[in-house]
file target01.txt (compact mmCIF, N, CA and C atoms)
# COMPACT_ATOMS: atom_id res chain seq x y z
N GLN V 243 -88.03 -114.65 -42.04
CA GLN V 243 -88.50 -113.92 -40.87
C GLN V 243 -89.84 -114.51 -40.42
N VAL V 244 -89.92 -114.78 -39.13
CA VAL V 244 -91.15 -115.34 -38.58
C VAL V 244 -92.07 -114.20 -38.15
N LEU V 245 -93.29 -114.25 -38.60
CA LEU V 245 -94.29 -113.25 -38.21
C LEU V 245 -95.55 -113.96 -37.76
N LEU V 246 -96.06 -113.53 -36.63
CA LEU V 246 -97.31 -114.06 -36.10
C LEU V 246 -98.23 -112.88 -35.86
N GLU V 247 -99.43 -112.94 -36.36
CA GLU V 247 -100.35 -111.82 -36.21
C GLU V 247 -101.72 -112.33 -35.79
N GLU V 248 -102.14 -111.92 -34.59
CA GLU V 248 -103.42 -112.35 -34.04
C GLU V 248 -104.56 -111.43 -34.47
N SER V 249 -105.75 -112.00 -34.52
CA SER V 249 -106.96 -111.23 -34.76
C SER V 249 -108.13 -111.97 -34.13
N GLY V 250 -109.25 -111.28 -34.03
CA GLY V 250 -110.46 -111.93 -33.54
C GLY V 250 -110.86 -111.61 -32.12
N GLY V 251 -110.04 -110.84 -31.43
CA GLY V 251 -110.41 -110.47 -30.07
C GLY V 251 -111.58 -109.51 -30.06
N GLY V 252 -112.10 -109.25 -28.87
CA GLY V 252 -113.21 -108.34 -28.74
C GLY V 252 -113.83 -108.42 -27.38
N SER V 253 -115.00 -107.82 -27.25
CA SER V 253 -115.74 -107.81 -26.00
C SER V 253 -117.01 -108.63 -26.14
N VAL V 254 -117.24 -109.52 -25.21
CA VAL V 254 -118.44 -110.36 -25.22
C VAL V 254 -118.98 -110.48 -23.81
N GLU V 255 -120.22 -110.91 -23.70
CA GLU V 255 -120.80 -111.18 -22.39
C GLU V 255 -120.45 -112.61 -21.98
N ALA V 256 -120.50 -112.85 -20.71
CA ALA V 256 -120.25 -114.19 -20.19
C ALA V 256 -121.17 -115.19 -20.88
N GLY V 257 -120.59 -116.34 -21.23
CA GLY V 257 -121.34 -117.35 -21.95
C GLY V 257 -121.20 -117.27 -23.45
N GLY V 258 -120.64 -116.18 -23.93
CA GLY V 258 -120.48 -116.00 -25.35
C GLY V 258 -119.26 -116.71 -25.91
N SER V 259 -119.04 -116.51 -27.21
CA SER V 259 -117.95 -117.18 -27.91
C SER V 259 -117.14 -116.19 -28.73
N LEU V 260 -115.88 -116.51 -28.90
CA LEU V 260 -114.99 -115.79 -29.81
C LEU V 260 -114.07 -116.79 -30.47
N ARG V 261 -113.62 -116.43 -31.64
CA ARG V 261 -112.63 -117.26 -32.34
C ARG V 261 -111.43 -116.39 -32.66
N LEU V 262 -110.30 -116.75 -32.08
CA LEU V 262 -109.05 -116.05 -32.35
C LEU V 262 -108.32 -116.75 -33.49
N THR V 263 -107.68 -115.96 -34.33
CA THR V 263 -106.92 -116.50 -35.43
C THR V 263 -105.53 -115.88 -35.44
N CYS V 264 -104.54 -116.71 -35.71
CA CYS V 264 -103.16 -116.23 -35.81
C CYS V 264 -102.65 -116.54 -37.21
N ALA V 265 -102.32 -115.49 -37.95
CA ALA V 265 -101.73 -115.67 -39.27
C ALA V 265 -100.25 -115.95 -39.11
N LEU V 266 -99.79 -117.04 -39.72
CA LEU V 266 -98.41 -117.50 -39.55
C LEU V 266 -97.63 -117.28 -40.84
N SER V 267 -96.42 -116.77 -40.70
CA SER V 267 -95.55 -116.69 -41.87
C SER V 267 -94.11 -116.93 -41.43
N GLY V 268 -93.33 -117.51 -42.33
CA GLY V 268 -91.93 -117.76 -42.04
C GLY V 268 -91.68 -118.97 -41.17
N LEU V 269 -92.69 -119.78 -40.93
CA LEU V 269 -92.50 -120.93 -40.06
C LEU V 269 -92.07 -122.15 -40.86
N THR V 270 -91.16 -122.89 -40.29
CA THR V 270 -90.74 -124.18 -40.82
C THR V 270 -90.87 -125.20 -39.69
N TYR V 271 -90.58 -126.44 -39.98
CA TYR V 271 -90.71 -127.43 -38.92
C TYR V 271 -89.67 -127.19 -37.82
N LYS V 272 -88.58 -126.48 -38.15
CA LYS V 272 -87.53 -126.22 -37.17
C LYS V 272 -87.86 -125.09 -36.20
N ASN V 273 -88.83 -124.25 -36.52
CA ASN V 273 -89.17 -123.18 -35.59
C ASN V 273 -90.63 -123.23 -35.15
N SER V 274 -91.24 -124.38 -35.36
CA SER V 274 -92.63 -124.52 -34.95
C SER V 274 -92.89 -125.91 -34.39
N TYR V 275 -91.99 -126.40 -33.57
CA TYR V 275 -92.20 -127.70 -32.94
C TYR V 275 -93.49 -127.68 -32.11
N CYS V 276 -93.76 -126.54 -31.54
CA CYS V 276 -95.01 -126.34 -30.79
C CYS V 276 -95.56 -124.95 -31.15
N MET V 277 -96.86 -124.86 -31.22
CA MET V 277 -97.51 -123.57 -31.41
C MET V 277 -98.66 -123.48 -30.44
N GLY V 278 -98.92 -122.28 -29.99
CA GLY V 278 -99.97 -122.21 -29.00
C GLY V 278 -100.48 -120.82 -28.72
N TRP V 279 -101.41 -120.77 -27.81
CA TRP V 279 -102.02 -119.54 -27.35
C TRP V 279 -101.72 -119.36 -25.87
N PHE V 280 -101.34 -118.14 -25.54
CA PHE V 280 -101.04 -117.77 -24.18
C PHE V 280 -101.85 -116.52 -23.85
N ARG V 281 -102.00 -116.23 -22.58
CA ARG V 281 -102.73 -115.03 -22.21
C ARG V 281 -102.11 -114.38 -20.98
N GLN V 282 -102.35 -113.08 -20.89
CA GLN V 282 -101.84 -112.35 -19.74
C GLN V 282 -102.87 -111.32 -19.32
N ALA V 283 -103.33 -111.48 -18.09
CA ALA V 283 -104.28 -110.53 -17.51
C ALA V 283 -103.50 -109.46 -16.75
N PRO V 284 -104.07 -108.30 -16.56
CA PRO V 284 -103.37 -107.23 -15.83
C PRO V 284 -102.92 -107.69 -14.45
N GLY V 285 -101.66 -107.47 -14.14
CA GLY V 285 -101.13 -107.83 -12.84
C GLY V 285 -100.80 -109.30 -12.67
N LYS V 286 -100.97 -110.06 -13.73
CA LYS V 286 -100.69 -111.50 -13.63
C LYS V 286 -99.61 -111.91 -14.62
N GLU V 287 -99.02 -113.06 -14.38
CA GLU V 287 -98.02 -113.58 -15.29
C GLU V 287 -98.68 -114.18 -16.54
N ARG V 288 -97.92 -114.23 -17.60
CA ARG V 288 -98.41 -114.85 -18.82
C ARG V 288 -98.54 -116.35 -18.58
N GLU V 289 -99.65 -116.93 -19.05
CA GLU V 289 -99.87 -118.35 -18.85
C GLU V 289 -100.26 -119.03 -20.15
N GLY V 290 -99.91 -120.28 -20.25
CA GLY V 290 -100.30 -121.07 -21.41
C GLY V 290 -101.76 -121.44 -21.36
N VAL V 291 -102.43 -121.34 -22.47
CA VAL V 291 -103.86 -121.65 -22.56
C VAL V 291 -104.08 -122.95 -23.34
N ALA V 292 -103.50 -123.02 -24.52
CA ALA V 292 -103.68 -124.20 -25.36
C ALA V 292 -102.51 -124.28 -26.32
N VAL V 293 -101.95 -125.47 -26.47
CA VAL V 293 -100.83 -125.64 -27.39
C VAL V 293 -101.04 -126.87 -28.25
N LEU V 294 -100.33 -126.87 -29.37
CA LEU V 294 -100.43 -127.94 -30.36
C LEU V 294 -99.03 -128.22 -30.86
N THR V 295 -98.64 -129.49 -30.91
CA THR V 295 -97.32 -129.83 -31.43
C THR V 295 -97.41 -130.28 -32.89
N GLY V 296 -96.25 -130.36 -33.51
CA GLY V 296 -96.20 -130.79 -34.90
C GLY V 296 -96.63 -132.23 -35.11
N VAL V 297 -96.66 -133.01 -34.03
CA VAL V 297 -97.10 -134.40 -34.16
C VAL V 297 -98.52 -134.58 -33.64
N GLY V 298 -99.20 -133.46 -33.40
CA GLY V 298 -100.62 -133.53 -33.09
C GLY V 298 -101.01 -133.56 -31.63
N THR V 299 -100.03 -133.52 -30.75
CA THR V 299 -100.36 -133.48 -29.32
C THR V 299 -100.96 -132.13 -28.96
N THR V 300 -101.98 -132.14 -28.14
CA THR V 300 -102.56 -130.90 -27.65
C THR V 300 -102.58 -130.93 -26.12
N ARG V 301 -102.51 -129.74 -25.56
CA ARG V 301 -102.63 -129.62 -24.11
C ARG V 301 -103.36 -128.32 -23.81
N TYR V 302 -104.22 -128.38 -22.82
CA TYR V 302 -105.01 -127.21 -22.43
C TYR V 302 -104.79 -126.92 -20.95
N GLU V 303 -104.82 -125.66 -20.64
CA GLU V 303 -104.81 -125.25 -19.24
C GLU V 303 -106.12 -125.73 -18.62
N ASP V 304 -106.06 -126.16 -17.38
CA ASP V 304 -107.20 -126.83 -16.76
C ASP V 304 -108.50 -126.02 -16.84
N SER V 305 -108.41 -124.72 -16.64
CA SER V 305 -109.64 -123.92 -16.57
C SER V 305 -110.35 -123.75 -17.92
N VAL V 306 -109.67 -124.10 -19.01
CA VAL V 306 -110.30 -123.93 -20.33
C VAL V 306 -110.69 -125.25 -20.98
N LYS V 307 -110.33 -126.36 -20.34
CA LYS V 307 -110.67 -127.67 -20.90
C LYS V 307 -112.17 -127.79 -21.12
N GLY V 308 -112.53 -128.29 -22.29
CA GLY V 308 -113.94 -128.45 -22.61
C GLY V 308 -114.60 -127.20 -23.15
N ARG V 309 -113.90 -126.06 -23.06
CA ARG V 309 -114.47 -124.80 -23.56
C ARG V 309 -113.69 -124.24 -24.74
N PHE V 310 -112.38 -124.43 -24.74
CA PHE V 310 -111.52 -123.90 -25.81
C PHE V 310 -111.03 -125.05 -26.67
N THR V 311 -110.84 -124.75 -27.96
CA THR V 311 -110.29 -125.74 -28.88
C THR V 311 -109.25 -125.07 -29.78
N ILE V 312 -108.06 -125.65 -29.81
CA ILE V 312 -107.00 -125.14 -30.67
C ILE V 312 -106.95 -125.97 -31.95
N SER V 313 -106.68 -125.29 -33.06
CA SER V 313 -106.58 -126.01 -34.32
C SER V 313 -105.65 -125.27 -35.27
N GLN V 314 -105.13 -126.01 -36.21
CA GLN V 314 -104.23 -125.43 -37.22
C GLN V 314 -104.76 -125.74 -38.60
N ASP V 315 -104.74 -124.77 -39.49
CA ASP V 315 -105.12 -124.97 -40.87
C ASP V 315 -103.88 -124.74 -41.72
N LYS V 316 -103.28 -125.82 -42.19
CA LYS V 316 -102.03 -125.68 -42.95
C LYS V 316 -102.28 -125.07 -44.32
N ALA V 317 -103.48 -125.21 -44.84
CA ALA V 317 -103.78 -124.66 -46.17
C ALA V 317 -103.76 -123.13 -46.14
N THR V 318 -104.19 -122.56 -45.01
CA THR V 318 -104.24 -121.10 -44.91
C THR V 318 -103.15 -120.55 -43.99
N ASN V 319 -102.31 -121.43 -43.45
CA ASN V 319 -101.24 -121.01 -42.53
C ASN V 319 -101.79 -120.21 -41.36
N THR V 320 -102.76 -120.78 -40.71
CA THR V 320 -103.34 -120.11 -39.55
C THR V 320 -103.46 -121.07 -38.37
N LEU V 321 -103.41 -120.48 -37.19
CA LEU V 321 -103.63 -121.19 -35.94
C LEU V 321 -104.83 -120.53 -35.27
N SER V 322 -105.79 -121.32 -34.84
CA SER V 322 -107.02 -120.74 -34.30
C SER V 322 -107.28 -121.22 -32.88
N LEU V 323 -108.06 -120.43 -32.17
CA LEU V 323 -108.51 -120.81 -30.84
C LEU V 323 -110.00 -120.49 -30.76
N GLN V 324 -110.81 -121.52 -30.75
CA GLN V 324 -112.24 -121.35 -30.58
C GLN V 324 -112.54 -121.33 -29.10
N MET V 325 -113.15 -120.25 -28.64
CA MET V 325 -113.42 -120.08 -27.21
C MET V 325 -114.93 -120.00 -27.00
N ASN V 326 -115.45 -120.96 -26.30
CA ASN V 326 -116.89 -121.00 -26.00
C ASN V 326 -117.11 -120.86 -24.50
N SER V 327 -118.33 -120.57 -24.13
CA SER V 327 -118.70 -120.44 -22.71
C SER V 327 -117.73 -119.55 -21.97
N LEU V 328 -117.45 -118.41 -22.54
CA LEU V 328 -116.46 -117.51 -21.96
C LEU V 328 -116.89 -116.99 -20.60
N LYS V 329 -115.89 -116.80 -19.74
CA LYS V 329 -116.12 -116.32 -18.38
C LYS V 329 -115.35 -115.02 -18.17
N PRO V 330 -115.77 -114.21 -17.22
CA PRO V 330 -115.03 -112.96 -16.96
C PRO V 330 -113.55 -113.20 -16.67
N GLU V 331 -113.24 -114.33 -16.03
CA GLU V 331 -111.84 -114.63 -15.73
C GLU V 331 -111.02 -114.99 -16.96
N ASP V 332 -111.65 -115.11 -18.11
CA ASP V 332 -110.91 -115.33 -19.35
C ASP V 332 -110.41 -114.00 -19.94
N THR V 333 -110.80 -112.90 -19.35
CA THR V 333 -110.38 -111.59 -19.83
C THR V 333 -108.86 -111.45 -19.74
N ALA V 334 -108.24 -111.14 -20.87
CA ALA V 334 -106.78 -111.03 -20.93
C ALA V 334 -106.36 -110.63 -22.33
N MET V 335 -105.09 -110.32 -22.47
CA MET V 335 -104.48 -110.19 -23.79
C MET V 335 -104.04 -111.59 -24.20
N TYR V 336 -104.43 -111.99 -25.39
CA TYR V 336 -104.11 -113.32 -25.88
C TYR V 336 -103.03 -113.24 -26.96
N TYR V 337 -102.03 -114.09 -26.81
CA TYR V 337 -100.89 -114.10 -27.71
C TYR V 337 -100.75 -115.45 -28.40
N CYS V 338 -100.35 -115.40 -29.63
CA CYS V 338 -99.99 -116.59 -30.40
C CYS V 338 -98.47 -116.74 -30.32
N ALA V 339 -97.97 -117.96 -30.21
CA ALA V 339 -96.53 -118.17 -30.08
C ALA V 339 -96.10 -119.45 -30.74
N SER V 340 -94.81 -119.50 -31.08
CA SER V 340 -94.24 -120.68 -31.71
C SER V 340 -92.89 -120.97 -31.07
N ALA V 341 -92.54 -122.24 -30.97
CA ALA V 341 -91.31 -122.65 -30.31
C ALA V 341 -90.35 -123.29 -31.29
N ALA V 342 -89.08 -122.90 -31.21
CA ALA V 342 -88.03 -123.47 -32.05
C ALA V 342 -87.23 -124.53 -31.30
N ASP V 343 -87.66 -124.88 -30.14
CA ASP V 343 -86.97 -125.87 -29.31
C ASP V 343 -87.84 -127.11 -29.23
N ALA V 344 -87.30 -128.23 -29.73
CA ALA V 344 -88.09 -129.46 -29.76
C ALA V 344 -88.47 -129.93 -28.36
N GLN V 345 -87.76 -129.46 -27.34
CA GLN V 345 -88.10 -129.87 -25.98
C GLN V 345 -89.45 -129.33 -25.53
N CYS V 346 -89.98 -128.37 -26.28
CA CYS V 346 -91.31 -127.86 -25.92
C CYS V 346 -92.33 -128.97 -25.94
N ARG V 347 -92.04 -130.06 -26.68
CA ARG V 347 -93.00 -131.15 -26.82
C ARG V 347 -93.10 -132.02 -25.57
N LEU V 348 -92.15 -131.86 -24.65
CA LEU V 348 -92.26 -132.59 -23.40
C LEU V 348 -93.48 -132.09 -22.64
N TRP V 349 -94.24 -133.01 -22.07
CA TRP V 349 -95.52 -132.67 -21.46
C TRP V 349 -95.39 -131.50 -20.48
N GLY V 350 -94.36 -131.53 -19.66
CA GLY V 350 -94.21 -130.49 -18.65
C GLY V 350 -93.82 -129.14 -19.20
N PHE V 351 -93.40 -129.10 -20.46
CA PHE V 351 -92.96 -127.83 -21.06
C PHE V 351 -93.98 -127.23 -22.02
N LEU V 352 -94.99 -128.00 -22.36
CA LEU V 352 -95.92 -127.55 -23.40
C LEU V 352 -96.51 -126.18 -23.11
N LEU V 353 -96.91 -125.93 -21.90
CA LEU V 353 -97.56 -124.66 -21.56
C LEU V 353 -96.59 -123.66 -20.93
N ASP V 354 -95.29 -123.96 -21.00
CA ASP V 354 -94.27 -123.10 -20.41
C ASP V 354 -93.87 -122.02 -21.40
N ASN V 355 -94.24 -120.77 -21.14
CA ASN V 355 -94.00 -119.73 -22.15
C ASN V 355 -92.52 -119.46 -22.38
N SER V 356 -91.65 -119.87 -21.45
CA SER V 356 -90.22 -119.66 -21.65
C SER V 356 -89.66 -120.54 -22.75
N ARG V 357 -90.43 -121.51 -23.19
CA ARG V 357 -89.98 -122.42 -24.26
C ARG V 357 -90.33 -121.89 -25.64
N TYR V 358 -91.03 -120.75 -25.70
CA TYR V 358 -91.50 -120.21 -26.97
C TYR V 358 -90.69 -118.99 -27.37
N HIS V 359 -90.33 -118.94 -28.66
CA HIS V 359 -89.39 -117.94 -29.11
C HIS V 359 -90.02 -116.83 -29.94
N TYR V 360 -91.11 -117.13 -30.60
CA TYR V 360 -91.72 -116.17 -31.51
C TYR V 360 -93.11 -115.83 -31.00
N TRP V 361 -93.40 -114.54 -30.97
CA TRP V 361 -94.65 -114.07 -30.39
C TRP V 361 -95.32 -113.04 -31.29
N GLY V 362 -96.64 -113.08 -31.27
CA GLY V 362 -97.40 -112.03 -31.93
C GLY V 362 -97.57 -110.85 -30.98
N GLN V 363 -98.27 -109.83 -31.46
CA GLN V 363 -98.47 -108.62 -30.67
C GLN V 363 -99.63 -108.73 -29.69
N GLY V 364 -100.49 -109.70 -29.91
CA GLY V 364 -101.59 -109.93 -28.99
C GLY V 364 -102.90 -109.35 -29.46
N THR V 365 -103.98 -109.93 -28.94
CA THR V 365 -105.33 -109.42 -29.21
C THR V 365 -106.12 -109.48 -27.90
N GLN V 366 -106.84 -108.42 -27.62
CA GLN V 366 -107.52 -108.30 -26.33
C GLN V 366 -108.86 -109.02 -26.34
N VAL V 367 -109.09 -109.79 -25.29
CA VAL V 367 -110.39 -110.43 -25.08
C VAL V 367 -110.94 -109.92 -23.75
N THR V 368 -112.15 -109.39 -23.79
CA THR V 368 -112.80 -108.88 -22.59
C THR V 368 -114.16 -109.53 -22.44
N VAL V 369 -114.38 -110.17 -21.30
CA VAL V 369 -115.64 -110.86 -21.04
C VAL V 369 -116.33 -110.18 -19.86
N SER V 370 -117.51 -109.69 -20.10
CA SER V 370 -118.25 -109.00 -19.04
C SER V 370 -119.29 -109.93 -18.41
N SER V 371 -119.54 -109.68 -17.14
CA SER V 371 -120.49 -110.55 -16.42
C SER V 371 -121.92 -110.05 -16.56
call {"tool": "encode", "arguments": {"input": "target01.txt", "output": "structure tokens"}}
result
Amino acid sequence: QVLLEESGGGSVEAGGSLRLTCALSGLTYKNSYCMGWFRQAPGKEREGVAVLTGVGTTRYEDSVKGRFTISQDKATNTLSLQMNSLKPEDTAMYYCASAADAQCRLWGFLLDNSRYHYWGQGTQVTVSS
């Protein structure tokens, strides 16, 4: 059974930092071709923020490039998202996800949430101005 559990969300002022962590269990190479972070703000569609493939490819949504960093720690089975220079527009529920479809590794699909099969419950990030 695949379980993803996010933690680390909270409320910060603009310019601050947060580190999100996703505890991973039940993942094998067949159900984790890609892993990533997605977010959904009220009234908006879920969007890809940062993803990492099993072969080390990373992709970031344009608005977070240079501010967010995704990483995986295989020793602790965790996926992290370091978020610096946070802006009010980063406010959203953040989800950790994993894809069991190797096609997720195609550049155009990396940030496509329809390619991801396993999802955590989410952690709220609120950035005040």
call {"tool": "atom_distance", "arguments": {"input": "target01.txt", "atom1": "atom N of Arg281 of chain V", "atom2": "atom CA of Ser259 of chain V"}}
result
16.8 Å
call {"tool": "residues_around", "arguments": {"input": "target01.txt", "residues": "segment 344-356 of chain V", "least_positions_apart": "5", "cutoff": "7 Å", "atoms": "all atoms listed in the file", "output": "list in words"}}
result
Tyr275, Cys276, Arg288, Glu289, Gly290, Val291, Ala292, Val293 and Thr295 of chain V
call {"tool": "residues_around", "arguments": {"input": "target01.txt", "residues": "Tyr337 of chain V", "least_positions_apart": "5", "cutoff": "8 Å", "atoms": "only C-alpha atoms", "output": "number ranges by chain"}}
result
V: 248, 279-281, 361-365
call {"tool": "atom_distance", "arguments": {"input": "target01.txt", "atom1": "atom C of Ala283 of chain V", "atom2": "atom C of Met335 of chain V"}}
result
7.8 Å
call {"tool": "residues_around", "arguments": {"input": "target01.txt", "residues": "Ala256 of chain V", "least_positions_apart": "3", "cutoff": "8 Å", "atoms": "only C-alpha atoms", "output": "MDAnalysis selection string"}}
result
chainID V and resid 327:330 369:371
call {"tool": "write_last_selection", "arguments": {"input": "target01.txt", "atoms": "N, CA and C atoms", "output": "PDB file, in the coordinates of the input"}}
result
ATOM      1  N   SER V 327    -118.330-120.570 -24.130  1.00  0.00           N
ATOM      2  CA  SER V 327    -118.700-120.440 -22.710  1.00  0.00           C
ATOM      3  C   SER V 327    -117.730-119.550 -21.970  1.00  0.00           C
ATOM      4  N   LEU V 328    -117.450-118.410 -22.540  1.00  0.00           N
ATOM      5  CA  LEU V 328    -116.460-117.510 -21.960  1.00  0.00           C
ATOM      6  C   LEU V 328    -116.890-116.990 -20.600  1.00  0.00           C
ATOM      7  N   LYS V 329    -115.890-116.800 -19.740  1.00  0.00           N
ATOM      8  CA  LYS V 329    -116.120-116.320 -18.380  1.00  0.00           C
ATOM      9  C   LYS V 329    -115.350-115.020 -18.170  1.00  0.00           C
ATOM     10  N   PRO V 330    -115.770-114.210 -17.220  1.00  0.00           N
ATOM     11  CA  PRO V 330    -115.030-112.960 -16.960  1.00  0.00           C
ATOM     12  C   PRO V 330    -113.550-113.200 -16.670  1.00  0.00           C
ATOM     13  N   VAL V 369    -114.380-110.170 -21.300  1.00  0.00           N
ATOM     14  CA  VAL V 369    -115.640-110.860 -21.040  1.00  0.00           C
ATOM     15  C   VAL V 369    -116.330-110.180 -19.860  1.00  0.00           C
ATOM     16  N   SER V 370    -117.510-109.690 -20.100  1.00  0.00           N
ATOM     17  CA  SER V 370    -118.250-109.000 -19.040  1.00  0.00           C
ATOM     18  C   SER V 370    -119.290-109.930 -18.410  1.00  0.00           C
ATOM     19  N   SER V 371    -119.540-109.680 -17.140  1.00  0.00           N
ATOM     20  CA  SER V 371    -120.490-110.550 -16.420  1.00  0.00           C
ATOM     21  C   SER V 371    -121.920-110.050 -16.560  1.00  0.00           C
TER      22      SER V 371
END
call {"tool": "closest_residue", "arguments": {"input": "target01.txt", "among": "V:Gly308, V:Ser274, V:Gly285, V:Gln366", "to": "Ser249 of chain V", "atoms": "only C-alpha atoms"}}
result
V:Gln366
call {"tool": "closest_residue", "arguments": {"input": "target01.txt", "among": "V:Gly268, V:Gly296, V:Gly278, V:Pro284", "to": "Asp332 of chain V", "atoms": "only C-alpha atoms"}}
result
V:Pro284
call {"tool": "atom_distance", "arguments": {"input": "target01.txt", "atom1": "atom CA of Lys286 of chain V", "atom2": "atom N of Ser267 of chain V"}}
result
27.9 Å
call {"tool": "closest_residue", "arguments": {"input": "target01.txt", "among": "V:Gly251, V:Thr368, V:Thr299, V:Met325", "to": "Met277 of chain V", "atoms": "only C-alpha atoms"}}
result
V:Thr299
call {"tool": "residues_around", "arguments": {"input": "target01.txt", "residues": "Thr318 of chain V", "least_positions_apart": "4", "cutoff": "8 Å", "atoms": "all atoms listed in the file", "output": "JSON, numbers by chain"}}
result
{"V": [264, 265, 266, 314]}
call {"tool": "residues_around", "arguments": {"input": "target01.txt", "residues": "Phe310 of chain V", "least_positions_apart": "5", "cutoff": "6.5 Å", "atoms": "all atoms listed in the file", "output": "VMD selection string"}}
result
chain V and resid 323 to 326
call {"tool": "closest_residue", "arguments": {"input": "target01.txt", "among": "V:Arg261, V:Lys272, V:Arg301, V:Arg309", "to": "Ser340 of chain V", "atoms": "only C-alpha atoms"}}
result
V:Lys272
